[in-house]
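Structure file structure.tsv (TSV, C-alpha atoms) is printed below.
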```tsv
chain	number	residue	atom	x	y	z
A	18	MET	CA	0.00	0.00	0.00
A	19	ALA	CA	2.86	2.36	0.79
A	20	ALA	CA	4.35	1.79	-2.66
A	21	LEU	CA	0.96	2.46	-4.23
A	22	ARG	CA	0.61	5.76	-2.38
A	23	CYS	CA	4.06	6.88	-3.50
A	24	GLY	CA	2.93	6.43	-7.10
A	25	THR	CA	0.12	9.01	-6.90
A	26	LEU	CA	0.39	12.68	-7.93
A	27	GLU	CA	-0.09	13.72	-4.31
A	28	TYR	CA	3.46	12.68	-3.46
A	29	LEU	CA	5.16	14.30	-6.44
A	30	PRO	CA	7.28	17.38	-5.66
A	31	GLU	CA	6.04	20.80	-6.79
A	32	ASN	CA	8.72	21.21	-9.45
A	33	VAL	CA	7.64	18.02	-11.16
A	34	LEU	CA	3.97	18.98	-11.02
A	35	ILE	CA	4.73	22.41	-12.48
A	36	ASP	CA	6.64	20.79	-15.34
A	37	ILE	CA	3.63	18.58	-16.05
A	38	LEU	CA	1.18	21.50	-15.93
A	39	SER	CA	3.38	23.57	-18.24
A	40	TYR	CA	2.32	21.34	-21.16
A	41	LEU	CA	-1.31	22.44	-20.77
A	42	ASN	CA	-2.88	25.56	-22.25
A	43	ALA	CA	-4.16	28.39	-20.07
A	44	ARG	CA	-7.74	27.16	-19.95
A	45	GLU	CA	-6.72	23.66	-18.86
A	46	VAL	CA	-4.38	25.06	-16.21
A	47	VAL	CA	-7.24	27.10	-14.72
A	48	ARG	CA	-9.47	24.00	-14.66
A	49	ASN	CA	-6.82	22.08	-12.72
A	50	SER	CA	-7.02	24.67	-9.94
A	51	ARG	CA	-10.31	23.00	-8.90
A	52	VAL	CA	-8.68	19.65	-8.10
A	53	CYS	CA	-7.69	20.46	-4.53
A	54	ARG	CA	-6.34	23.25	-2.34
A	55	ARG	CA	-2.74	22.33	-3.05
A	56	TRP	CA	-3.27	22.50	-6.80
A	57	LYS	CA	-5.17	25.77	-6.44
A	58	GLN	CA	-2.05	27.36	-4.98
A	59	LEU	CA	0.22	25.49	-7.34
A	60	VAL	CA	-1.55	26.81	-10.45
A	61	LYS	CA	-0.80	30.39	-9.35
A	62	ASP	CA	2.95	29.75	-9.63
A	63	GLN	CA	4.37	32.38	-11.98
A	64	ARG	CA	6.47	29.80	-13.80
A	65	LEU	CA	3.22	28.65	-15.44
A	66	TRP	CA	2.36	32.16	-16.58
A	67	ARG	CA	5.51	33.36	-18.32
A	68	VAL	CA	4.21	32.78	-21.87
A	69	VAL	CA	0.40	32.88	-22.07
A	70	ASP	CA	-1.46	32.11	-25.29
A	71	LEU	CA	-5.16	32.97	-25.04
A	72	SER	CA	-5.73	33.09	-28.81
A	73	THR	CA	-6.96	29.47	-28.84
A	74	TRP	CA	-9.39	29.98	-25.95
A	75	LYS	CA	-12.81	29.82	-27.61
A	76	GLY	CA	-15.48	31.98	-26.07
A	77	LEU	CA	-13.06	34.09	-24.04
A	78	THR	CA	-14.91	37.09	-22.57
A	79	SER	CA	-13.80	40.30	-20.91
A	80	ARG	CA	-15.03	38.89	-17.59
A	81	ALA	CA	-12.73	35.87	-17.97
A	82	LEU	CA	-9.88	38.26	-18.81
A	83	TRP	CA	-10.42	40.08	-15.53
A	84	VAL	CA	-10.40	36.80	-13.60
A	85	LEU	CA	-7.13	35.76	-15.24
A	86	LEU	CA	-5.52	39.11	-14.54
A	87	ARG	CA	-6.59	39.30	-10.88
A	88	GLN	CA	-5.86	35.70	-9.90
A	89	TYR	CA	-3.12	34.33	-12.17
A	90	LEU	CA	-1.21	36.86	-14.31
A	91	GLY	CA	1.57	38.59	-12.43
A	92	PRO	CA	5.22	39.72	-12.45
A	93	GLY	CA	6.35	36.56	-14.23
A	94	LEU	CA	4.44	37.31	-17.45
A	95	ARG	CA	6.75	37.90	-20.44
A	96	CYS	CA	4.58	37.19	-23.51
A	97	LEU	CA	0.81	37.47	-23.96
A	98	ARG	CA	-1.30	36.47	-26.99
A	99	LEU	CA	-4.94	37.54	-27.26
A	100	ARG	CA	-7.71	37.04	-29.81
A	101	GLY	CA	-10.45	39.68	-29.89
A	102	LEU	CA	-14.07	39.71	-30.96
A	103	LEU	CA	-13.91	41.32	-34.43
A	104	LEU	CA	-14.96	38.07	-36.08
A	105	SER	CA	-17.33	37.07	-33.33
A	106	ALA	CA	-21.07	37.58	-33.12
A	107	ARG	CA	-20.54	38.84	-29.54
A	108	ARG	CA	-19.00	42.12	-30.72
A	109	GLY	CA	-18.13	44.62	-28.05
A	110	ALA	CA	-15.36	46.09	-25.91
A	111	PHE	CA	-12.69	43.49	-25.26
A	112	LEU	CA	-9.62	45.39	-24.06
A	113	THR	CA	-10.61	48.36	-21.93
A	114	GLU	CA	-8.46	51.14	-20.51
A	115	SER	CA	-9.00	49.95	-16.96
A	116	TRP	CA	-7.89	46.41	-17.86
A	117	LEU	CA	-4.74	47.70	-19.57
A	118	GLN	CA	-3.92	49.93	-16.60
A	119	THR	CA	-4.23	46.94	-14.28
A	120	LEU	CA	-2.02	44.96	-16.65
A	121	ARG	CA	0.62	47.71	-16.41
A	122	SER	CA	0.71	47.50	-12.63
A	123	LYS	CA	0.49	43.69	-12.21
A	124	CYS	CA	2.79	42.66	-15.10
A	125	PRO	CA	5.73	45.09	-15.08
A	126	ARG	CA	7.96	42.68	-17.04
A	127	LEU	CA	5.73	42.07	-20.06
A	128	ARG	CA	7.93	42.21	-23.16
A	129	ARG	CA	5.74	40.98	-26.01
A	130	LEU	CA	2.05	41.51	-26.79
A	131	CYS	CA	0.33	39.85	-29.77
A	132	LEU	CA	-3.23	40.88	-30.63
A	133	GLN	CA	-5.39	39.23	-33.27
A	134	HIS	CA	-8.86	40.25	-34.48
A	135	THR	CA	-8.99	42.91	-31.77
A	136	ASP	CA	-10.84	46.23	-31.97
A	137	LEU	CA	-8.62	48.92	-30.43
A	138	ARG	CA	-10.67	51.90	-31.59
A	139	GLY	CA	-11.96	52.43	-28.06
A	140	LEU	CA	-8.45	53.24	-26.79
A	141	ARG	CA	-6.88	56.70	-26.95
A	142	SER	CA	-3.34	55.64	-27.86
A	143	CYS	CA	-0.72	52.95	-27.40
A	144	SER	CA	0.57	54.82	-24.33
A	145	LEU	CA	-1.94	52.73	-22.33
A	146	LEU	CA	0.14	49.63	-23.05
A	147	PRO	CA	2.69	48.50	-20.43
A	148	PRO	CA	5.87	50.66	-20.61
A	149	SER	CA	8.02	47.52	-20.46
A	150	LEU	CA	6.64	46.36	-23.83
A	151	GLN	CA	9.34	45.85	-26.47
A	152	GLU	CA	7.45	44.03	-29.22
A	153	LEU	CA	3.89	44.63	-30.43
A	154	GLU	CA	2.08	42.52	-33.03
A	155	LEU	CA	-1.25	43.55	-34.53
A	156	ARG	CA	-2.84	41.04	-36.89
A	157	SER	CA	-6.24	41.76	-38.45
A	158	CYS	CA	-6.91	44.50	-35.89
A	159	GLU	CA	-8.55	47.94	-36.05
A	160	VAL	CA	-6.78	51.01	-34.61
A	161	PRO	CA	-7.96	54.61	-34.08
A	162	ALA	CA	-6.46	57.59	-35.89
A	163	GLY	CA	-4.11	58.70	-33.09
A	164	PHE	CA	-3.17	55.30	-31.73
A	165	PHE	CA	0.57	55.60	-32.58
A	166	ALA	CA	0.87	59.34	-31.83
A	167	GLN	CA	2.72	59.00	-28.51
A	168	GLU	CA	6.17	57.44	-28.46
A	169	PRO	CA	6.47	54.17	-26.48
A	170	GLU	CA	9.54	52.06	-25.72
A	171	ILE	CA	8.66	49.53	-28.42
A	172	GLU	CA	11.55	48.23	-30.51
A	173	ALA	CA	9.69	45.85	-32.87
A	174	LEU	CA	6.32	46.44	-34.54
A	175	VAL	CA	4.45	43.91	-36.70
A	176	LEU	CA	1.41	45.08	-38.68
A	177	ASP	CA	-0.38	42.37	-40.64
A	178	THR	CA	-3.67	43.09	-42.41
A	179	VAL	CA	-4.65	46.18	-40.42
A	180	PRO	CA	-7.25	47.84	-42.69
A	181	SER	CA	-7.37	51.16	-40.82
A	182	PHE	CA	-3.57	51.68	-40.84
A	183	SER	CA	-2.81	54.60	-43.18
A	184	ASP	CA	-0.10	57.10	-44.09
A	185	GLN	CA	-1.04	59.14	-41.02
A	186	HIS	CA	-0.20	56.22	-38.74
A	187	LEU	CA	3.05	55.66	-40.63
A	188	ARG	CA	4.10	59.27	-40.07
A	189	SER	CA	3.45	58.80	-36.35
A	190	LEU	CA	5.94	55.92	-36.33
A	191	CYS	CA	8.66	58.35	-37.41
A	192	SER	CA	8.81	59.67	-33.84
A	193	TRP	CA	9.53	56.22	-32.37
A	194	ARG	CA	13.23	56.60	-31.72
A	195	ARG	CA	13.69	53.09	-30.30
A	196	LEU	CA	12.00	51.33	-33.23
A	197	ARG	CA	14.46	48.98	-34.95
A	198	ARG	CA	12.27	46.31	-36.52
A	199	LEU	CA	9.24	46.98	-38.73
A	200	GLU	CA	7.08	44.43	-40.57
A	201	LEU	CA	4.36	45.63	-42.95
A	202	ARG	CA	2.04	43.12	-44.60
A	203	ASP	CA	-1.11	43.74	-46.64
A	204	LEU	CA	-1.68	47.37	-45.62
A	205	ILE	CA	-4.03	48.64	-48.31
A	206	ARG	CA	-4.16	52.28	-47.14
A	207	VAL	CA	-0.40	52.88	-47.17
A	208	SER	CA	0.68	54.67	-50.35
A	209	ALA	CA	4.04	55.05	-52.08
A	210	GLY	CA	4.03	58.75	-51.21
A	211	GLY	CA	3.50	57.99	-47.55
A	212	LEU	CA	6.42	55.59	-47.51
A	213	GLY	CA	8.62	58.03	-49.41
A	214	GLY	CA	7.99	60.76	-46.86
A	215	CYS	CA	9.24	58.54	-44.04
A	216	VAL	CA	12.51	57.41	-45.61
A	217	GLN	CA	14.77	59.73	-43.62
A	218	THR	CA	13.18	59.15	-40.23
A	219	LEU	CA	12.84	55.39	-40.66
A	220	GLY	CA	16.45	55.07	-41.75
A	221	ARG	CA	17.44	53.88	-38.27
A	222	LEU	CA	15.70	50.53	-38.83
A	223	THR	CA	17.88	47.44	-38.95
A	224	HIS	CA	15.13	44.93	-39.81
A	225	LEU	CA	12.51	45.54	-42.50
A	226	GLU	CA	9.89	43.18	-43.91
A	227	LEU	CA	7.55	44.08	-46.77
A	228	GLU	CA	5.00	41.74	-48.28
A	229	ASN	CA	2.67	42.49	-51.18
A	230	ARG	CA	4.31	45.88	-51.72
A	231	SER	CA	4.72	47.28	-55.21
A	232	TRP	CA	8.13	48.05	-56.67
A	233	THR	CA	7.40	51.82	-56.58
A	234	GLN	CA	6.92	51.60	-52.83
A	235	MET	CA	10.19	49.70	-52.45
A	236	LEU	CA	12.00	52.42	-54.34
A	237	ALA	CA	10.19	55.09	-52.30
A	238	LEU	CA	11.59	53.50	-49.16
A	239	GLY	CA	15.05	54.41	-50.34
A	240	LEU	CA	16.23	50.92	-51.25
A	241	GLY	CA	17.47	52.26	-54.57
A	242	ARG	CA	19.62	54.89	-52.83
A	243	GLY	CA	20.96	52.50	-50.24
A	244	TRP	CA	19.99	52.16	-46.60
A	245	PRO	CA	22.96	52.33	-44.19
A	246	GLY	CA	22.58	49.98	-41.24
A	247	LEU	CA	19.83	47.80	-42.70
A	248	ASP	CA	21.04	44.21	-42.19
A	249	THR	CA	17.79	42.20	-42.54
A	250	LEU	CA	15.27	42.44	-45.38
A	251	ARG	CA	12.28	40.29	-46.27
A	252	LEU	CA	10.31	40.85	-49.48
A	253	GLY	CA	7.29	38.97	-50.73
A	254	GLY	CA	4.43	39.29	-53.18
A	255	ASN	CA	3.83	39.51	-56.89
A	256	GLU	CA	5.69	42.80	-57.37
A	257	VAL	CA	9.07	41.81	-55.92
A	258	SER	CA	10.76	41.07	-59.22
A	259	PRO	CA	10.68	44.61	-60.80
A	260	GLY	CA	12.19	46.27	-57.72
A	261	LEU	CA	14.69	43.57	-56.83
A	262	LEU	CA	17.63	45.35	-58.47
A	263	SER	CA	17.30	48.23	-55.99
A	264	VAL	CA	18.25	45.76	-53.23
A	265	SER	CA	21.75	45.49	-54.70
A	266	ARG	CA	22.62	48.90	-53.18
A	267	LEU	CA	22.08	47.76	-49.61
A	268	GLN	CA	25.74	47.31	-48.77
A	269	ASP	CA	25.17	46.41	-45.10
A	270	LEU	CA	22.63	43.69	-45.83
A	271	ARG	CA	23.42	40.37	-44.15
A	272	TRP	CA	20.10	38.47	-44.36
A	273	LEU	CA	17.78	38.46	-47.38
A	274	HIS	CA	14.55	36.46	-47.56
A	275	LEU	CA	12.48	36.34	-50.77
A	276	CYS	CA	9.12	34.60	-50.50
A	277	LYS	CA	5.98	33.88	-52.53
A	278	CYS	CA	7.09	35.57	-55.73
A	279	ARG	CA	8.22	34.81	-59.30
A	280	LEU	CA	11.85	35.41	-60.18
A	281	LYS	CA	14.37	34.82	-62.95
A	282	GLN	CA	17.79	33.44	-62.17
A	283	LYS	CA	19.59	36.23	-64.05
A	284	MET	CA	17.83	38.88	-61.99
A	285	VAL	CA	18.78	37.16	-58.73
A	286	LEU	CA	22.43	37.03	-59.77
A	287	ARG	CA	22.45	40.70	-60.76
A	288	CYS	CA	20.94	41.61	-57.39
A	289	CYS	CA	23.41	39.59	-55.31
A	290	ARG	CA	26.55	40.57	-57.23
A	291	SER	CA	27.34	43.53	-54.97
A	292	LEU	CA	26.04	42.12	-51.66
A	293	SER	CA	29.42	41.06	-50.36
A	294	ARG	CA	28.34	41.05	-46.69
A	295	LEU	CA	25.38	38.77	-47.25
A	296	ARG	CA	25.48	35.71	-44.98
A	297	LEU	CA	22.04	34.14	-45.47
A	298	LEU	CA	19.89	34.06	-48.61
A	299	GLU	CA	16.53	32.29	-48.38
A	300	PHE	CA	14.04	31.52	-51.13
A	301	SER	CA	10.68	30.41	-49.75
A	302	GLU	CA	7.88	29.28	-52.09
A	303	VAL	CA	9.55	31.07	-55.00
A	304	GLU	CA	8.66	30.16	-58.57
A	305	PHE	CA	11.68	30.46	-60.85
A	306	VAL	CA	10.58	31.17	-64.43
A	307	GLU	CA	12.95	30.47	-67.33
A	308	ASP	CA	12.74	30.16	-71.10
A	309	GLU	CA	13.85	26.90	-72.59
A	310	ASP	CA	16.64	28.63	-74.54
A	311	ASP	CA	18.06	30.19	-71.35
A	312	LEU	CA	17.95	26.96	-69.35
A	313	ARG	CA	21.39	25.38	-69.48
A	314	GLU	CA	20.85	22.59	-66.98
A	315	ASP	CA	17.82	20.64	-65.87
A	316	GLY	CA	17.17	20.20	-62.18
A	317	ASP	CA	15.38	17.53	-60.25
A	318	GLU	CA	12.97	17.33	-57.36
A	319	ASP	CA	15.74	17.79	-54.79
A	320	ASP	CA	17.40	20.74	-56.55
A	321	PRO	CA	15.23	22.57	-59.13
A	322	VAL	CA	17.85	25.25	-59.95
A	323	PRO	CA	21.33	23.68	-59.53
A	324	GLY	CA	22.92	26.27	-61.79
A	325	LEU	CA	21.70	29.15	-59.62
A	326	ARG	CA	22.97	27.45	-56.48
A	327	ARG	CA	26.47	27.05	-57.91
A	328	SER	CA	26.54	30.59	-59.29
A	329	LEU	CA	25.51	32.05	-55.94
A	330	HIS	CA	28.13	29.98	-54.15
A	331	SER	CA	30.75	31.36	-56.55
A	332	LEU	CA	29.61	34.96	-56.10
A	333	LEU	CA	29.05	34.73	-52.33
A	334	PRO	CA	31.28	32.00	-50.89
A	335	ASP	CA	30.50	33.01	-47.27
A	336	CYS	CA	26.73	33.07	-47.77
A	337	ARG	CA	24.39	30.18	-46.96
A	338	VAL	CA	21.68	29.67	-49.60
A	339	CYS	CA	18.39	27.91	-48.75
A	340	PHE	CA	15.55	26.84	-51.05
A	341	ILE	CA	12.26	26.05	-49.29
A	342	ARG	CA	9.37	24.65	-51.35
A	343	CYS	CA	10.55	26.32	-54.55
A	344	SER	CA	9.60	25.37	-58.10
A	345	LEU	CA	10.92	25.80	-61.65
A	346	THR	CA	8.70	26.67	-64.60
A	347	VAL	CA	10.17	26.30	-68.09
A	348	HIS	CA	8.51	27.99	-71.07
A	349	ARG	CA	9.00	26.00	-74.26
A	350	LEU	CA	8.57	27.90	-77.52
A	351	ARG	CA	7.27	26.00	-80.58
A	352	LEU	CA	6.56	27.39	-84.06
A	353	ASN	CA	3.55	25.94	-85.83
A	354	THR	CA	3.63	25.92	-89.63
A	355	HIS	CA	0.71	25.07	-91.90
A	356	THR	CA	0.25	24.20	-95.55
A	357	HIS	CA	-1.41	26.96	-97.54
A	358	THR	CA	-4.24	26.06	-99.92
A	359	HIS	CA	-5.73	27.90	-102.83
A	360	THR	CA	-8.94	28.53	-100.90
A	361	HIS	CA	-8.97	32.11	-99.65
A	362	ALA	CA	-10.83	31.25	-96.46
A	363	HIS	CA	-8.37	28.49	-95.52
A	364	PHE	CA	-5.38	30.73	-96.28
A	365	THR	CA	-6.65	33.45	-94.01
A	366	SER	CA	-7.31	31.06	-91.14
A	367	HIS	CA	-3.91	29.38	-91.36
A	368	ASN	CA	-2.09	32.67	-91.85
A	369	MET	CA	-3.42	33.98	-88.53
A	370	THR	CA	-2.12	30.93	-86.65
A	371	SER	CA	1.10	30.26	-88.53
A	372	ALA	CA	3.32	32.07	-86.00
A	373	VAL	CA	1.58	31.38	-82.71
A	374	LYS	CA	3.91	30.67	-79.80
A	375	GLN	CA	2.73	27.99	-77.44
A	376	SER	CA	4.34	27.68	-74.05
A	377	ALA	CA	4.35	24.54	-72.00
A	378	SER	CA	5.20	24.70	-68.32
A	379	VAL	CA	7.17	22.08	-66.48
A	380	SER	CA	7.20	22.46	-62.68
A	381	ARG	CA	9.55	20.74	-60.31
A	382	PHE	CA	9.30	21.17	-56.55
A	383	GLN	CA	11.93	21.08	-53.88
A	384	THR	CA	11.47	20.91	-50.14
A	385	VAL	CA	14.25	21.59	-47.68
```

Encoded form using structure tokens:
Amino acid sequence: MAALRCGTLEYLPENVLIDILSYLNAREVVRNSRVCRRWKQLVKDQRLWRVVDLSTWKGLTSRALWVLLRQYLGPGLRCLRLRGLLLSARRGAFLTESWLQTLRSKCPRLRRLCLQHTDLRGLRSCSLLPPSLQELELRSCEVPAGFFAQEPEIEALVLDTVPSFSDQHLRSLCSWRRLRRLELRDLIRVSAGGLGGCVQTLGRLTHLELENRSWTQMLALGLGRGWPGLDTLRLGGNEVSPGLLSVSRLQDLRWLHLCKCRLKQKMVLRCCRSLSRLRLLEFSEVEFVEDEDDLREDGDEDDPVPGLRRSLHSLLPDCRVCFIRCSLTVHRLRLNTHTHTHTHAHFTSHNMTSAVKQSASVSRFQTV
């Protein structure tokens, strides 16, 4: 009987129980507080509340947020993920000023805040966020006009599909002196003129990511004139190819990631020829398009563009090149000729199609 008792959870030390509970999500951890008095105190251990992901909690209400903040969240919190009610039928205020003020006082070490589908239009500005915050992510959120007006201590800002973000918000970011990393994805109200007006003040960035931006906006950002200090750049979307040559003037660039775009091997080589400090070059879901006459060597499923890999290794011997789920499309040109007849109608029909170019595409995929 004694051996049987020693095998129950009641006799496990607290460190072991905390390790076991750390594999559960926040909702399951809260449910385990009802097991017994010991577990009720154990669940409040701050080691369980360092990284909290509430984005998967279905039906999370503002009342449940208050309970979490008053009973569980505390000085140990470092990262918090929340999912709002923008896509929910229960629309309404989710993050209030009073809740954020309580978060500031109870969680003074919060470093990262990720909000998804959250309506922030009821807040005055981002100054209500905890002053210890260093990274802010807004995905599919709505923000008011003056949300970014006051300068916080944030060093990294991620904006992904924020419909209300406009040139006015972008100009407000120019006053953020500590901002070093900026990621802009699918911002439909940001214009090329707005980006061009912020080139000088945003020149202190060291990490920039642009997806689905046109080549005119890339040039407006000053890529064509060079950007001293910029060491990380990520570009994606259909319009990457026309503005790729402007990247060749970024002399301090050390990490370049090209994703979800169509490129030609010659253009990639021309871009990378002057990037002597480049240490990592990644191609993710890139479709390489070549004419059959320009293709000197066929690839296979493991290496769709072997010629490009060798050329890049020769140009940049200290750079690591990665291909992730890339493909190769080859356009084959074929000339169709027809026999002319004496019938005028047949001659006209065949004359219109005698020089039609038909392209056939051959795709090969590679996964690393």

Contacts of Leu34 (chain A) at 12 Å (only C-alpha atoms; same-chain gap of 3+ positions) as a list in words: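 Here the qualifying residues turn out to be Thr25, Leu26, Glu27, Tyr28, Leu29, Pro30, Glu31, Ile37, Leu38, Ser39, Tyr40, Leu41, Val46, Asn49, Arg55, Trp56, Gln58, Leu59, Val60, Asp62, Arg64 and Leu65 of chain A.
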
Expected residue set, 6 Å radius at (19.5, 34.2, -49.2), all atoms listed in the file, as a PyMOL selection string: chain A and resi 273-274+297-299+338

Write a file of the selected residues as a PDB file, in the frame of the given file, keeping C-alpha atoms.
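Produced file selection.pdb, reproduced below:
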```pdb
ATOM      1  CA  LEU A 273      17.780  38.460 -47.380  1.00  0.00           C
ATOM      2  CA  HIS A 274      14.550  36.460 -47.560  1.00  0.00           C
ATOM      3  CA  LEU A 297      22.040  34.140 -45.470  1.00  0.00           C
ATOM      4  CA  LEU A 298      19.890  34.060 -48.610  1.00  0.00           C
ATOM      5  CA  GLU A 299      16.530  32.290 -48.380  1.00  0.00           C
ATOM      6  CA  VAL A 338      21.680  29.670 -49.600  1.00  0.00           C
TER       7      VAL A 338
END
```

CA of Leu329 (chain A) to CA of Asn229 (chain A), distance in Å rounded to a single decimal: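 Rounded to one decimal, the two atoms are 25.6 Å apart.
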
Region 169-181 of chain A, all listed atoms, 6 Å padding on each side: what axis-aligned box centre and edge lengths in Å to one decimal come out, as JSON?
```
{"center_x": 2.1, "center_y": 48.3, "center_z": -34.2, "size_x": 30.9, "size_y": 23.8, "size_z": 29.0}
```

Pairwise distance for CA of Phe300 (chain A) and CA of Ile341 (chain A), rounded to one decimal in Å: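 That distance, rounded to one decimal, is 6.0 Å.
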
Region 253-256 of chain A environment, 10 Å, all atoms listed in the file, sequence neighbours closer than 3 positions dropped, as an MDAnalysis selection string: chainID A and resid 202:203 226:235 259:261 274:280 301:303

Skip region 153-163 of chain A itself and residues of its chain fewer than 4 positions away, then list as a JSON list (two decimals) with C-alpha atoms, keeping the file's coordinate frame all residues within 10 Å of it, counting only C-alpha atoms.
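Result went into out.json, see below:
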```
[["chain", "number", "residue", "atom", "x", "y", "z"],
["A", 98, "ARG", "CA", -1.30, 36.47, -26.99],
["A", 100, "ARG", "CA", -7.71, 37.04, -29.81],
["A", 101, "GLY", "CA", -10.45, 39.68, -29.89],
["A", 102, "LEU", "CA", -14.07, 39.71, -30.96],
["A", 103, "LEU", "CA", -13.91, 41.32, -34.43],
["A", 104, "LEU", "CA", -14.96, 38.07, -36.08],
["A", 128, "ARG", "CA", 7.93, 42.21, -23.16],
["A", 129, "ARG", "CA", 5.74, 40.98, -26.01],
["A", 130, "LEU", "CA", 2.05, 41.51, -26.79],
["A", 131, "CYS", "CA", 0.33, 39.85, -29.77],
["A", 132, "LEU", "CA", -3.23, 40.88, -30.63],
["A", 133, "GLN", "CA", -5.39, 39.23, -33.27],
["A", 134, "HIS", "CA", -8.86, 40.25, -34.48],
["A", 135, "THR", "CA", -8.99, 42.91, -31.77],
["A", 136, "ASP", "CA", -10.84, 46.23, -31.97],
["A", 137, "LEU", "CA", -8.62, 48.92, -30.43],
["A", 138, "ARG", "CA", -10.67, 51.90, -31.59],
["A", 139, "GLY", "CA", -11.96, 52.43, -28.06],
["A", 140, "LEU", "CA", -8.45, 53.24, -26.79],
["A", 141, "ARG", "CA", -6.88, 56.70, -26.95],
["A", 142, "SER", "CA", -3.34, 55.64, -27.86],
["A", 143, "CYS", "CA", -0.72, 52.95, -27.40],
["A", 146, "LEU", "CA", 0.14, 49.63, -23.05],
["A", 167, "GLN", "CA", 2.72, 59.00, -28.51],
["A", 171, "ILE", "CA", 8.66, 49.53, -28.42],
["A", 172, "GLU", "CA", 11.55, 48.23, -30.51],
["A", 173, "ALA", "CA", 9.69, 45.85, -32.87],
["A", 174, "LEU", "CA", 6.32, 46.44, -34.54],
["A", 175, "VAL", "CA", 4.45, 43.91, -36.70],
["A", 176, "LEU", "CA", 1.41, 45.08, -38.68],
["A", 177, "ASP", "CA", -0.38, 42.37, -40.64],
["A", 178, "THR", "CA", -3.67, 43.09, -42.41],
["A", 179, "VAL", "CA", -4.65, 46.18, -40.42],
["A", 180, "PRO", "CA", -7.25, 47.84, -42.69],
["A", 181, "SER", "CA", -7.37, 51.16, -40.82],
["A", 182, "PHE", "CA", -3.57, 51.68, -40.84],
["A", 183, "SER", "CA", -2.81, 54.60, -43.18],
["A", 185, "GLN", "CA", -1.04, 59.14, -41.02],
["A", 186, "HIS", "CA", -0.20, 56.22, -38.74],
["A", 189, "SER", "CA", 3.45, 58.80, -36.35],
["A", 200, "GLU", "CA", 7.08, 44.43, -40.57],
["A", 202, "ARG", "CA", 2.04, 43.12, -44.60],
["A", 203, "ASP", "CA", -1.11, 43.74, -46.64]]
```

Test item: residues at most 10 Å from Glu168 (chain A), all atoms listed in the file, excluding those fewer than 5 positions along its chain, as a CSV table (one decimal) with C-alpha atoms, keeping the file's coordinate frame:
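Resulting contents of part-v4.csv:
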```csv
chain,number,residue,atom,x,y,z
A,142,SER,CA,-3.3,55.6,-27.9
A,143,CYS,CA,-0.7,53.0,-27.4
A,144,SER,CA,0.6,54.8,-24.3
A,189,SER,CA,3.4,58.8,-36.4
A,190,LEU,CA,5.9,55.9,-36.3
A,191,CYS,CA,8.7,58.4,-37.4
A,192,SER,CA,8.8,59.7,-33.8
A,193,TRP,CA,9.5,56.2,-32.4
A,194,ARG,CA,13.2,56.6,-31.7
A,195,ARG,CA,13.7,53.1,-30.3
A,196,LEU,CA,12.0,51.3,-33.2
```

Best match for closeness to Trp116 (chain A) among A:Arg188, A:Arg342, A:Arg327, A:Arg87, counting all atoms listed in the file: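 Result for the nearest residue to Trp116 (chain A): A:Arg87.
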
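Our summary of the geometry notes that CA of Ser263 (chain A) is positioned 15.2 Å from CA of Ser293 (chain A).
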
A:Ser122, A:Asn32, A:Thr73, A:Ser149 ranked by distance to Leu90 (chain A), top pick (using all atoms listed in the file): A:Ser122

Top pick for closest residue to Trp272 (chain A), considering A:Arg337, A:Ser258, A:Leu187, A:Cys215 and counting only C-alpha atoms: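 Closest candidate: A:Arg337.
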
Shell of 6 Å around region 284-290 of chain A, all atoms listed in the file, local chain residues under 3 positions omitted, as a ChimeraX atom specification: /A:262,265,281

Selection as a PyMOL selection string: residues within 12 Å of (15.3, 51.0, -47.2), counting only C-alpha atoms: chain A and resi 199+212-213+215-227+234-252+260+263-270

Would you mind completing region 123-128 of chain A so that it carries N, CA, C and O atoms, and writing it out as a PDB file, in the frame of the given file?
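Output contents, as saved in out_14.pdb:
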```
ATOM      1  N   LYS A 123       0.292  45.070 -12.673  1.00  0.00           N
ATOM      2  CA  LYS A 123       0.490  43.690 -12.210  1.00  0.00           C
ATOM      3  C   LYS A 123       1.555  42.950 -13.007  1.00  0.00           C
ATOM      4  O   LYS A 123       2.124  41.975 -12.496  1.00  0.00           O
ATOM      5  N   CYS A 124       1.822  43.365 -14.230  1.00  0.00           N
ATOM      6  CA  CYS A 124       2.790  42.660 -15.100  1.00  0.00           C
ATOM      7  C   CYS A 124       3.848  43.643 -15.578  1.00  0.00           C
ATOM      8  O   CYS A 124       3.866  44.030 -16.759  1.00  0.00           O
ATOM      9  N   PRO A 125       4.737  44.067 -14.706  1.00  0.00           N
ATOM     10  CA  PRO A 125       5.730  45.090 -15.080  1.00  0.00           C
ATOM     11  C   PRO A 125       6.853  44.562 -15.972  1.00  0.00           C
ATOM     12  O   PRO A 125       7.677  45.363 -16.425  1.00  0.00           O
ATOM     13  N   ARG A 126       6.888  43.256 -16.231  1.00  0.00           N
ATOM     14  CA  ARG A 126       7.960  42.680 -17.040  1.00  0.00           C
ATOM     15  C   ARG A 126       7.462  42.139 -18.382  1.00  0.00           C
ATOM     16  O   ARG A 126       8.172  41.391 -19.039  1.00  0.00           O
ATOM     17  N   LEU A 127       6.280  42.529 -18.778  1.00  0.00           N
ATOM     18  CA  LEU A 127       5.730  42.070 -20.060  1.00  0.00           C
ATOM     19  C   LEU A 127       6.555  42.657 -21.209  1.00  0.00           C
ATOM     20  O   LEU A 127       6.716  43.872 -21.311  1.00  0.00           O
ATOM     21  N   ARG A 128       7.069  41.782 -22.062  1.00  0.00           N
ATOM     22  CA  ARG A 128       7.930  42.210 -23.160  1.00  0.00           C
ATOM     23  C   ARG A 128       7.258  42.139 -24.533  1.00  0.00           C
ATOM     24  O   ARG A 128       7.567  42.916 -25.416  1.00  0.00           O
TER      25      ARG A 128
END
```
